[in-house]
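Asks: Mind looking over this structure? Questions follow.
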Amino acid sequence: MYRYDEFDAAFVRQRTEQFADQVRRRISGELNEDQFRPLRLMNGLYLQLHAYMLRVAVPYGTLSSKQLRRLAEIARKYDRGYGHFTTRQNIQFNWPRLNDVPKILAELADVEMHAIQTSGNCIRNVTTDQFAGAAADEIIDPRPIAEIIRQWSSLHPEFTFLPRKFKIAITGAPQDRAAVKFHDIGLMAKTGPNGEIGWTVYVGGGLGRTPMVAKQIRDFVDHEHLLAYLEAILRVYNRYGRRDNKYKARIKILVHEAGIDTIRDQVEEEFAAMKDGILKLPQEELDRITAYFAAPAFKEVEQKTIDLPKLKITDPAFARFIERNTHPHFRDGYVSVTVSMKPIGGTPGDATDIQMEAIADLAEKYSFDELRVSHEQNLVLPHVALDDLRAVYEGLVDIDLAEGNTGLITDIISCPGLDYCALATARSIPIAKSISQKFSAPERQEQIGDLKIKISGCINACGHHHVGHIGILGLDRKGVENYQITVGGDASEDAAVGSILGAGIAGDDVPDAIEKLVDLYIEKRESADETFIAAFRRLGEAPFKEALYGTR
Amino acid sequence: MDIITANELLSGATVYLTVDGKWLEEVSKAQTFGPEDKAARDAAVEAANASGRYLSVEIEKAEIIDGRVVPTRLREKIRAEGPTSPRHTPQTLDTPHAKGEDSNVSL
Amino acid sequence: MALASSNLAEAKAPRASDLEIVALNGMFDERDTLGVIRYALEELLPGEPLAVVSSFGADSAVLLHHIAQVDPHKEVLFLETGKHFAETLEYVETIKQRFGLTNIRFLEPDAADLKRFDPHGTLWDTDPDSCCHIRKTEPLKGALDQYAGWITGRRRHQTQERGVLPHFELTSDVRIKVNPLAYWTYEDVKAYKAEHDLPEHPLVQHGYRSIGCAPCTSATREGEDPRAGRWRGLNKAECGIHFDFNGQIASPAAKLENRTLFKSGRFIADPFHVWGEGDAPETSAYVHVPLAIWQENRDAFIAADHPIGLLIEPGDDFEAIAEDFDRFASIAVAFPKFTDGRGYSYARLLRERYGFTGELRATGDILTDQVPFLRRCGFDALTVTNEATKKALENDALAEVSVYLQPVGSRGEAPVGTRPFLRRADQ
């Protein structure tokens, strides 16, 4: 993975010192809160319901064991012994104290991490496929380009006061695991006319109160011109994005109102003017960055396959783990292992210090020191030899994170909701837990198959409810929590926004409501191979509506 | 009736303005303001904002239930008692002066 | 260039207390000019002379005529800034001859200062305060070090700032300034000149009533404050030589705090103002003209050919007048709210795409953390009203990360060592 050189180190160190000074000035009273707020936000420090919250960037979701250990240490030393992995591949600490934050940032800087641009109206942490650099279906490893975009966007002088936040996602595989069409800019690897690899560019996707699927703005741009093209988009957005209304300020609204063709023309004009300028990416630089992401020195493995049918009889839990939590690797005899941070009845995405340290040990021992954070709030050991799979599994059993539920109904995405978040209108975590408990039986989960439930505690949609196969949105109805159910959303390459089934329901009724939807699906599906989302596409929303609300 | 709540600068902890003019974590000790105390209430909010030591200073609705002050809104109940799932106790103030013993001392 | 006060910190021991000065001010009749001068030159500080300084401007003749009556051999200091009107130098000769003054000493700027700070002789344009400093304040300070004080021709009626001027002042470094003409009105001056047939400065007939260096003096209109023609439009009223060097007595020191234009590392007087009531395309100069007004009156502005600037507000289609950019001495880009970052794009376009090389200034709600971004995008001047930002700029305490990860085109952001591609350090 990418390693800081002295230049990056100086950059992050200076930024950390700068923030330490700002905190000092705030505590001494030299800065008031109005002056300090934008400064702390630029360093990922929010004030939530109970305390400050620090959001630390995990660049395109990649971590080393050392970094994860440091996160564990910070959780123990400065927080309450846990951290929360987010849908943006970041980690949040819920209880830091203001005067500890400079120390936390300094300790993060020691392991090449920071909180820069994890908040504010700037280009946020670039996200990507959690299996990047490992997946069998990958056209190209997106991480070198993600790293180059990270560098280009870090404290970019022109784009630090955009109309609104700006999120870029990138995937190197045809199967989109990074939800690129729900980002301000989505990049999808593509093989060009002459066999060269470049990027299809999507723009104007997003969730929040106005969910939109991104539109294709350019079919193909090569590596060399990618940054210039991104800068052209950002400049058009910075100049013409709406600033009169916070809720209409994202680029999706600009694209929607002006039309993709107009935006494309503006971007192309801008691109033409700077295309061959200083942002042209030299091949040597791409090569230099790519070298950091070279595949690890895989060993010759004994085991090339696993006899799953046999294992299902002898060790069904392990078999489930293999079936659900491993992903095909480009290297024979290897898989990527998802560490499900969704134990039954647990808080989605939460990890204790002990769990983080144990996972870091497993990564060091069995995954070439590499780890990933997925936007589904799980961790990934990207390069695990089949030979080592049992050792990894047993290590995870020890820390209660061996649930073989990836992609199943209990693998729920959830925002922190009203238990923590100052913006939330209803709680999310208790809903996630109650659904998880209701469907805890492995057989039941297996029967249901692939089903993504996503829960947000407010309209801002941090829990991606719009793109859940089943989405749950918590609202406040006259002082009472109320949950709206949507069906049919999809964050993959077949992107779709879910439809609201009807009036909201009480929190206690949510698990039963989900069960009604699931039962309908099982009843109506053509076979066990037809997934929930496939069945929904075939059936339409009417039967689901009826299952939930009866005939009216 | 109303109570006044805020987050303390250093810890971020949820605090309430108490009868004796301190800012403490316990909502049960919060001073209540009836309709006739509007001027005093607003003056207290203004003073809290001016102090620079308290953030997100808000007036919240509360009721007396079994002799105890209880915030009306769910959000405020959660702020007062901590996250519900899993349960965490609220953030505590951490320094003697932040404990409300001398809320005007600067570091 | 030493700081103005450094030599003076070692000034000679006090010679008179505040009280004594107050008492002196009661000694003379308001119009007893000769009495004041005589006392100042002969009795006030026996054995320690006071200097006479004259600008040889429009009203200088009155004081010099009085000096000549008391002592024609008295040394008269004249600041030869190198920027005077030829008419002024001519006038020095005239006065010398007519009044029989025998000892006029020309004080010239330090050659090293000129070479270092004003190699092209254009400092008056970019930073008039500094120009005054090296051409007037510094040379005068050197000369005055030998004196216990000096006699000036200042009058309390000259400008509002001088309204309370007494005959005798004590400066904060305990030297004495004597103002024999303190109570003279403009009419008194006029009458005296007529009565004694004093020679007139040749420029007075051209409408000049207060004359300094050529570049910073213009004619005054009827009814205008006579000194309004000095540093016209430059928000500058005193040239620095009437400052008490420690800024204690003379009021213009307070103006320093009101300076909002930050350029080349410090706050300087701002020659520009914002377009407003009373501005007209035909006559206005040193004004930032809003885009729409420029577009409506383009021909009139071009015909008038005054130094002028452009004001760009967020959302303005400024590129519509791209062909006019090089007509502007300064382009101001407004930041009505610090969160509105459109101006960053405008700046880069102006610099990188349109090759604008004049002053590019950011104006509005500017916080310290924006300043490094503004600079990198091509701004070379800031109009700052936010107090915290001003303080940070004055103390050079900007929160800045000096290494950066993306090249922008205007600051010559050069690669460091073998550092590839995107990385640059601020040099």
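Every chain in the structure tokens takes a letter, A first, then B, and so on in the order presented; its residues are numbered from 1, and the ligands are numbered from 1 following the presented order.
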Tell me, which residues of range 247-396 of chain C carry DSSP strand (DSSP E), written as a ChimeraX atom specification?
Replies: /C:261-263,266-268,273-274,287-290,309-312,330-335,359-364,381-384
Asks: Create the file for the chosen residues now, containing C-alpha atoms and written as a PDB file, in the first residue's frame.
Replies:
```pdb
ATOM      1  CA  LEU C 261      -5.223  46.594   2.122  1.00  0.00           C
ATOM      2  CA  PHE C 262      -2.679  43.871   2.697  1.00  0.00           C
ATOM      3  CA  LYS C 263      -0.043  43.583   0.024  1.00  0.00           C
ATOM      4  CA  ARG C 266       1.998  44.331   5.126  1.00  0.00           C
ATOM      5  CA  PHE C 267      -0.897  46.678   5.454  1.00  0.00           C
ATOM      6  CA  ILE C 268      -0.576  49.736   3.257  1.00  0.00           C
ATOM      7  CA  HIS C 273     -12.161  52.969  -3.397  1.00  0.00           C
ATOM      8  CA  VAL C 274     -15.372  51.165  -4.176  1.00  0.00           C
ATOM      9  CA  VAL C 287     -11.982  52.950  -8.256  1.00  0.00           C
ATOM     10  CA  HIS C 288     -13.098  49.324  -8.568  1.00  0.00           C
ATOM     11  CA  VAL C 289     -15.900  49.493 -11.088  1.00  0.00           C
ATOM     12  CA  PRO C 290     -18.630  46.856 -10.897  1.00  0.00           C
ATOM     13  CA  GLY C 309     -10.026  48.660 -11.420  1.00  0.00           C
ATOM     14  CA  LEU C 310     -12.734  46.068 -11.935  1.00  0.00           C
ATOM     15  CA  LEU C 311     -14.948  44.547  -9.256  1.00  0.00           C
ATOM     16  CA  ILE C 312     -16.121  40.985  -9.824  1.00  0.00           C
ATOM     17  CA  SER C 330      -6.417  46.100 -10.256  1.00  0.00           C
ATOM     18  CA  ILE C 331      -9.150  43.492 -10.284  1.00  0.00           C
ATOM     19  CA  ALA C 332     -11.022  42.936  -7.045  1.00  0.00           C
ATOM     20  CA  VAL C 333     -12.892  39.680  -6.544  1.00  0.00           C
ATOM     21  CA  ALA C 334     -15.580  39.815  -3.878  1.00  0.00           C
ATOM     22  CA  PHE C 335     -16.039  37.139  -1.241  1.00  0.00           C
ATOM     23  CA  GLU C 359      -3.069  43.525  -8.921  1.00  0.00           C
ATOM     24  CA  LEU C 360      -5.582  40.801  -8.105  1.00  0.00           C
ATOM     25  CA  ARG C 361      -7.207  41.371  -4.817  1.00  0.00           C
ATOM     26  CA  ALA C 362      -9.665  39.445  -2.695  1.00  0.00           C
ATOM     27  CA  THR C 363     -12.140  41.529  -0.804  1.00  0.00           C
ATOM     28  CA  GLY C 364     -14.825  40.678   1.724  1.00  0.00           C
ATOM     29  CA  ALA C 381      -3.584  41.678  -2.443  1.00  0.00           C
ATOM     30  CA  LEU C 382      -6.281  41.334   0.175  1.00  0.00           C
ATOM     31  CA  THR C 383      -8.753  43.817   1.547  1.00  0.00           C
ATOM     32  CA  VAL C 384      -9.256  42.568   5.054  1.00  0.00           C
TER      33      VAL C 384
END
```
Asks: Please identify every residue of chain C that has at least one atom no farther than 6 Å from an atom of chain A, counting only C-alpha atoms, and for each give the shortest atom pair and the distance in Å to one decimal, arranged by chain then increasing number, as CSV.
Replies:
```
residue,atom,partner,partner_atom,distance
C:Thr339,CA,A:Phe161,CA,5.4
C:Gly341,CA,A:Phe161,CA,4.6
C:Arg342,CA,A:Arg239,CA,5.3
C:Tyr344,CA,A:Glu158,CA,5.0
C:Ser345,CA,A:Glu158,CA,6.0
C:Phe373,CA,A:Pro157,CA,4.4
C:Ala399,CA,A:Gln18,CA,5.8
C:Val401,CA,A:Gln14,CA,5.8
C:Val403,CA,A:Phe11,CA,5.8
C:Leu405,CA,A:Gln151,CA,5.5
C:Gln406,CA,A:Trp152,CA,5.1
```
Asks: Please identify all polymer residues within 6 Å of range 5-17 of chain B, counting only C-alpha atoms, omitting same-chain residues fewer than 3 positions from it, and present them as a PyMOL selection string.
Replies: (chain A and resi 50-52+97-98) or (chain B and resi 22-25+27+30+53-58+91-93)
Asks: Could you give me, as a ChimeraX atom specification, the residues within 12 Å of range 63-71 of chain C, counting only C-alpha atoms and dropping anything in the same chain fewer than 4 positions from it?
Replies: /C:32-42,51-59,75-78,92,94-104,151-155,178-182,184,189,192-193,196-199
Asks: Write the residues you've just listed into a file as a short mmCIF file (atom, residue, chain, number, x, y, z; two decimals), in the first residue's frame, and include C-alpha atoms for each of them.
Replies:
```cif
data_model
loop_
_atom_site.label_atom_id
_atom_site.label_comp_id
_atom_site.auth_asym_id
_atom_site.auth_seq_id
_atom_site.Cartn_x
_atom_site.Cartn_y
_atom_site.Cartn_z
CA ASP C 32 2.57 86.63 17.99
CA THR C 33 4.35 84.57 15.39
CA LEU C 34 7.63 86.39 15.54
CA GLY C 35 7.57 86.18 19.33
CA VAL C 36 7.15 82.45 19.22
CA ILE C 37 9.92 82.01 16.68
CA ARG C 38 12.29 84.24 18.52
CA TYR C 39 11.65 82.47 21.79
CA ALA C 40 12.04 79.10 20.14
CA LEU C 41 15.30 79.93 18.43
CA GLU C 42 16.92 82.00 21.13
CA ALA C 51 15.53 72.93 13.36
CA VAL C 52 13.45 74.68 10.74
CA VAL C 53 11.92 72.40 8.15
CA SER C 54 10.15 73.64 5.06
CA SER C 55 8.48 71.95 2.14
CA PHE C 56 8.73 75.08 -0.02
CA GLY C 57 5.11 74.46 -0.86
CA ALA C 58 2.23 76.82 -1.55
CA ASP C 59 2.14 78.30 1.96
CA GLU C 75 19.62 76.46 8.71
CA VAL C 76 16.45 75.56 6.79
CA LEU C 77 15.95 71.90 6.03
CA PHE C 78 14.33 70.92 2.75
CA VAL C 92 13.35 77.22 -3.44
CA THR C 94 13.27 82.27 -5.57
CA ILE C 95 12.64 82.26 -1.83
CA LYS C 96 16.32 81.97 -1.08
CA GLN C 97 17.07 85.02 -3.18
CA ARG C 98 14.12 87.12 -2.12
CA PHE C 99 14.34 86.48 1.66
CA GLY C 100 18.12 86.38 1.81
CA LEU C 101 18.20 82.94 3.38
CA THR C 102 21.79 81.74 3.39
CA ASN C 103 21.61 78.24 4.77
CA ILE C 104 19.15 75.97 2.99
CA ILE C 151 9.80 74.48 13.94
CA THR C 152 7.02 73.67 11.50
CA GLY C 153 4.69 75.68 9.34
CA ARG C 154 1.63 73.66 10.31
CA ARG C 155 -1.65 75.44 10.89
CA VAL C 178 6.99 74.52 17.59
CA ASN C 179 4.13 75.65 15.40
CA PRO C 180 4.35 79.42 15.11
CA LEU C 181 1.56 79.56 12.51
CA ALA C 182 -0.76 77.33 14.52
CA TRP C 184 -3.28 81.27 11.18
CA VAL C 189 -2.03 83.57 5.01
CA TYR C 192 0.00 88.29 4.74
CA LYS C 193 1.26 87.17 1.34
CA HIS C 196 4.40 91.51 1.93
CA ASP C 197 4.18 90.63 -1.76
CA LEU C 198 5.55 87.18 -1.09
CA PRO C 199 6.44 85.14 -4.15
#
```
Asks: Tell me, as a list in words, which residues lie within 12 Å of Lys77 in chain B, counting only C-alpha atoms; anything in the same chain fewer than 3 positions away does not count.
Replies: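 Here the qualifying residues turn out to be Leu49, His50, Leu418, Asp419 and Gly479 of chain A; Thr5, Thr14, Glu26, Val27, Ser28, Glu60, Lys61, Ala62, Glu63, Val69, Val70, Pro71, Thr72, Arg73, Leu74, Ala80, Glu81, Gly82, Pro83, Thr84 and Pro90 of chain B.
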Asks: Using DSSP on the backbone coordinates, identify the residues of range 24-94 of chain B assigned to alpha helix (DSSP H); present them as an MDAnalysis selection string.
Replies: chainID B and resid 38:51 74:81
Asks: Any idea what's packed within 10 Å of Leu140 in chain C, counting only C-alpha atoms, ignoring anything in its chain fewer than 5 positions away? Could you give it as a PDB file with C-alpha atoms, in the first residue's frame?
Replies:
```pdb
ATOM      1  CA  VAL C  53      11.916  72.401   8.155  1.00  0.00           C
ATOM      2  CA  LEU C  77      15.952  71.898   6.027  1.00  0.00           C
ATOM      3  CA  PHE C  78      14.331  70.924   2.747  1.00  0.00           C
ATOM      4  CA  LEU C  79      13.503  67.353   1.853  1.00  0.00           C
ATOM      5  CA  LEU C 107      18.080  66.329   2.714  1.00  0.00           C
ATOM      6  CA  GLU C 108      18.213  63.470   0.266  1.00  0.00           C
ATOM      7  CA  PRO C 109      17.026  59.876   0.623  1.00  0.00           C
ATOM      8  CA  HIS C 133       9.075  56.837   4.698  1.00  0.00           C
ATOM      9  CA  ILE C 134      12.275  56.406   2.732  1.00  0.00           C
ATOM     10  CA  ARG C 135      12.153  59.806   1.034  1.00  0.00           C
ATOM     11  CA  ASP C 145      18.837  63.794  15.489  1.00  0.00           C
ATOM     12  CA  ILE C 241       7.068  63.764   8.725  1.00  0.00           C
TER      13      ILE C 241
END
```
Asks: Set the distance at 12 Å and use only C-alpha atoms: which residues neighbour Arg41 in chain B once local chain neighbours fewer than 5 positions away are removed? I'd like the list as a VMD selection string.
Replies: chain B and resid 1 to 5 17 to 19 21 31 to 36 46 to 48 57 to 60
Asks: Would you put the residues from that selection into a file with N, CA and C atoms, as a short mmCIF file (atom, residue, chain, number, x, y, z; two decimals), in the first residue's frame?
Replies:
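Contents of the output file again_23.cif:
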```
data_model
loop_
_atom_site.label_atom_id
_atom_site.label_comp_id
_atom_site.auth_asym_id
_atom_site.auth_seq_id
_atom_site.Cartn_x
_atom_site.Cartn_y
_atom_site.Cartn_z
N MET B 1 -42.70 23.82 30.91
CA MET B 1 -41.62 24.69 31.41
C MET B 1 -40.33 24.43 30.63
N ASP B 2 -39.38 25.32 30.83
CA ASP B 2 -38.14 25.22 30.05
C ASP B 2 -36.95 24.89 30.94
N ILE B 3 -35.97 24.25 30.33
CA ILE B 3 -34.66 24.13 30.96
C ILE B 3 -33.64 24.61 29.93
N ILE B 4 -32.41 24.88 30.39
CA ILE B 4 -31.38 25.32 29.45
C ILE B 4 -30.28 24.27 29.43
N THR B 5 -29.94 23.86 28.24
CA THR B 5 -28.91 22.84 28.08
C THR B 5 -27.86 23.31 27.09
N LEU B 17 -28.07 24.00 33.02
CA LEU B 17 -27.93 25.12 33.96
C LEU B 17 -28.73 24.78 35.20
N THR B 18 -28.05 24.76 36.34
CA THR B 18 -28.70 24.35 37.59
C THR B 18 -29.19 25.57 38.36
N VAL B 19 -29.91 25.26 39.42
CA VAL B 19 -30.52 26.32 40.23
C VAL B 19 -29.46 27.28 40.78
N GLY B 21 -26.75 28.13 39.43
CA GLY B 21 -25.96 28.81 38.39
C GLY B 21 -24.80 28.01 37.87
N GLN B 31 -32.32 23.92 36.43
CA GLN B 31 -33.27 24.95 36.83
C GLN B 31 -34.41 24.99 35.83
N THR B 32 -35.64 25.12 36.32
CA THR B 32 -36.77 25.21 35.40
C THR B 32 -37.26 26.65 35.33
N PHE B 33 -37.71 27.01 34.15
CA PHE B 33 -38.19 28.37 33.91
C PHE B 33 -39.64 28.30 33.44
N GLY B 34 -40.52 28.92 34.19
CA GLY B 34 -41.91 28.99 33.77
C GLY B 34 -42.10 30.15 32.81
N PRO B 35 -43.33 30.34 32.35
CA PRO B 35 -43.61 31.43 31.39
C PRO B 35 -43.24 32.79 31.96
N GLU B 36 -43.36 32.92 33.30
CA GLU B 36 -43.08 34.23 33.92
C GLU B 36 -41.57 34.48 34.04
N GLU B 46 -28.16 34.04 27.05
CA GLU B 46 -27.23 35.04 26.53
C GLU B 46 -25.89 34.98 27.26
N ALA B 47 -25.98 34.85 28.59
CA ALA B 47 -24.75 34.78 29.39
C ALA B 47 -23.95 33.53 29.02
N ALA B 48 -24.66 32.43 28.80
CA ALA B 48 -23.96 31.18 28.44
C ALA B 48 -23.27 31.34 27.11
N VAL B 57 -26.06 26.13 22.95
CA VAL B 57 -26.94 26.46 24.09
C VAL B 57 -28.38 26.49 23.59
N GLU B 58 -29.22 25.67 24.22
CA GLU B 58 -30.61 25.55 23.75
C GLU B 58 -31.58 25.62 24.92
N ILE B 59 -32.75 26.16 24.61
CA ILE B 59 -33.86 26.09 25.55
C ILE B 59 -34.65 24.83 25.19
N GLU B 60 -34.91 23.99 26.18
CA GLU B 60 -35.64 22.75 25.92
C GLU B 60 -36.86 22.66 26.82
#
```
Asks: Quick one: which chain A residues come within 9 Å of chain B, and what is the nearest atom pair for each with the distance in Å to one decimal, counting only C-alpha atoms, rows ordered by chain and ascending number, as JSON lines?
Replies:
```
{"residue": "A:Ile27", "atom": "CA", "partner": "B:Leu107", "partner_atom": "CA", "distance": 7.0}
{"residue": "A:Ser28", "atom": "CA", "partner": "B:Leu107", "partner_atom": "CA", "distance": 6.3}
{"residue": "A:Gly29", "atom": "CA", "partner": "B:Gly52", "partner_atom": "CA", "distance": 7.0}
{"residue": "A:Asn32", "atom": "CA", "partner": "B:Gly52", "partner_atom": "CA", "distance": 6.3}
{"residue": "A:Glu33", "atom": "CA", "partner": "B:Gly52", "partner_atom": "CA", "distance": 7.0}
{"residue": "A:Leu47", "atom": "CA", "partner": "B:Gly12", "partner_atom": "CA", "distance": 7.0}
{"residue": "A:Gln48", "atom": "CA", "partner": "B:Gly12", "partner_atom": "CA", "distance": 8.2}
{"residue": "A:Leu49", "atom": "CA", "partner": "B:Arg79", "partner_atom": "CA", "distance": 5.9}
{"residue": "A:His50", "atom": "CA", "partner": "B:Ala13", "partner_atom": "CA", "distance": 5.6}
{"residue": "A:Ala51", "atom": "CA", "partner": "B:Gly12", "partner_atom": "CA", "distance": 4.1}
{"residue": "A:Tyr52", "atom": "CA", "partner": "B:Gly12", "partner_atom": "CA", "distance": 5.5}
{"residue": "A:Trp95", "atom": "CA", "partner": "B:Gln91", "partner_atom": "CA", "distance": 7.2}
{"residue": "A:Pro96", "atom": "CA", "partner": "B:Ser11", "partner_atom": "CA", "distance": 7.5}
{"residue": "A:Arg97", "atom": "CA", "partner": "B:Ser11", "partner_atom": "CA", "distance": 4.7}
{"residue": "A:Leu98", "atom": "CA", "partner": "B:Leu10", "partner_atom": "CA", "distance": 5.1}
{"residue": "A:Asn99", "atom": "CA", "partner": "B:Leu10", "partner_atom": "CA", "distance": 6.4}
{"residue": "A:Gly346", "atom": "CA", "partner": "B:Pro86", "partner_atom": "CA", "distance": 8.5}
{"residue": "A:Thr347", "atom": "CA", "partner": "B:Pro86", "partner_atom": "CA", "distance": 7.7}
{"residue": "A:Leu418", "atom": "CA", "partner": "B:Arg75", "partner_atom": "CA", "distance": 6.8}
{"residue": "A:Asp419", "atom": "CA", "partner": "B:Pro83", "partner_atom": "CA", "distance": 4.5}
{"residue": "A:Tyr420", "atom": "CA", "partner": "B:Pro83", "partner_atom": "CA", "distance": 6.4}
{"residue": "A:Ala422", "atom": "CA", "partner": "B:Arg75", "partner_atom": "CA", "distance": 8.8}
{"residue": "A:Ala424", "atom": "CA", "partner": "B:Arg75", "partner_atom": "CA", "distance": 8.8}
{"residue": "A:Thr425", "atom": "CA", "partner": "B:Arg75", "partner_atom": "CA", "distance": 8.0}
{"residue": "A:Ala426", "atom": "CA", "partner": "B:Arg75", "partner_atom": "CA", "distance": 8.3}
{"residue": "A:Arg427", "atom": "CA", "partner": "B:Thr84", "partner_atom": "CA", "distance": 8.9}
{"residue": "A:Ile429", "atom": "CA", "partner": "B:Ser85", "partner_atom": "CA", "distance": 6.6}
{"residue": "A:Pro430", "atom": "CA", "partner": "B:Ser85", "partner_atom": "CA", "distance": 5.9}
{"residue": "A:Lys433", "atom": "CA", "partner": "B:Ser85", "partner_atom": "CA", "distance": 8.6}
{"residue": "A:Gly479", "atom": "CA", "partner": "B:Arg73", "partner_atom": "CA", "distance": 6.4}
{"residue": "A:Val480", "atom": "CA", "partner": "B:Leu74", "partner_atom": "CA", "distance": 7.6}
{"residue": "A:Glu481", "atom": "CA", "partner": "B:Leu74", "partner_atom": "CA", "distance": 8.6}
```
Asks: Just C-alpha atoms for this one: save the residues we selected as a short mmCIF file (atom, residue, chain, number, x, y, z; two decimals), in the first residue's frame.
Replies:
```cif
data_model
loop_
_atom_site.label_atom_id
_atom_site.label_comp_id
_atom_site.auth_asym_id
_atom_site.auth_seq_id
_atom_site.Cartn_x
_atom_site.Cartn_y
_atom_site.Cartn_z
CA ILE A 27 -9.54 27.00 24.67
CA SER A 28 -7.82 30.24 25.59
CA GLY A 29 -10.81 32.15 24.26
CA ASN A 32 -14.91 31.94 19.55
CA GLU A 33 -17.03 29.03 18.47
CA LEU A 47 -20.03 18.25 18.00
CA GLN A 48 -22.68 15.58 18.39
CA LEU A 49 -25.37 14.99 20.98
CA HIS A 50 -23.20 13.78 23.82
CA ALA A 51 -19.69 14.82 22.91
CA TYR A 52 -17.35 15.68 20.10
CA TRP A 95 -16.21 10.44 22.83
CA PRO A 96 -12.99 12.39 22.35
CA ARG A 97 -12.34 15.46 24.46
CA LEU A 98 -11.36 18.65 22.72
CA ASN A 99 -7.96 19.01 24.33
CA GLY A 346 -24.52 -5.92 17.52
CA THR A 347 -24.11 -2.33 16.44
CA LEU A 418 -30.41 9.57 17.21
CA ASP A 419 -28.31 7.69 19.74
CA TYR A 420 -25.35 9.86 18.74
CA ALA A 422 -27.10 15.79 16.27
CA ALA A 424 -30.83 12.52 13.36
CA THR A 425 -34.60 12.43 13.69
CA ALA A 426 -34.87 8.82 14.92
CA ARG A 427 -32.69 6.00 16.18
CA ILE A 429 -29.01 1.20 15.79
CA PRO A 430 -31.83 -0.34 17.87
CA LYS A 433 -30.30 -4.82 16.21
CA GLY A 479 -42.16 13.67 18.77
CA VAL A 480 -42.43 9.96 18.05
CA GLU A 481 -39.98 7.91 16.02
#
```
Asks: Using 8 Å as the limit and counting only C-alpha atoms, can you tabulate each residue of range 298-398 of chain A that touches range 65-73 of chain A, with its shortest atom-to-atom distance in Å and the two atoms involved, as a tab-separated table?
Replies:
```
residue	atom	partner	partner_atom	distance
A:Thr352	CA	A:Ala72	CA	7.3
A:Asp353	CA	A:Ala72	CA	4.2
A:Ile354	CA	A:Ala72	CA	7.1
A:Met356	CA	A:Ala72	CA	5.7
A:Glu357	CA	A:Arg69	CA	5.2
A:Ile359	CA	A:Ser65	CA	7.9
A:Ala360	CA	A:Ser65	CA	4.4
A:Asp361	CA	A:Ser65	CA	6.8
A:Ala363	CA	A:Ser65	CA	6.2
A:Glu364	CA	A:Ser65	CA	5.9
A:Asp369	CA	A:Ser65	CA	5.4
A:Glu370	CA	A:Ser65	CA	6.5
A:Leu371	CA	A:Ser65	CA	7.0
```
Asks: Enter the distance from CA of Ala385 in chain A to CA of Met1 in chain A, in Å, rounded to one decimal.
Replies: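 Between these atoms lies a distance of 18.8 Å.
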Asks: Calculate how many Å separate CA of Gln175 in chain A from CA of Ala189 in chain A, rounding to one decimal.
Replies: 10.4 Å
Asks: From the list A:Leu226, A:Ala20, A:Leu54, A:Ala214, which residue is nearest Leu254 in chain A when using only C-alpha atoms?
Replies: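 Of the candidates, the smallest distance to Leu254 in chain A is held by A:Ala214.
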Asks: Could you jot down the CA of Asp29 in chain C to CA of Leu44 in chain C separation for me, Å, one decimal place?
Replies: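 For CA of Asp29 in chain C relative to CA of Leu44 in chain C, the distance reads 16.5 Å.
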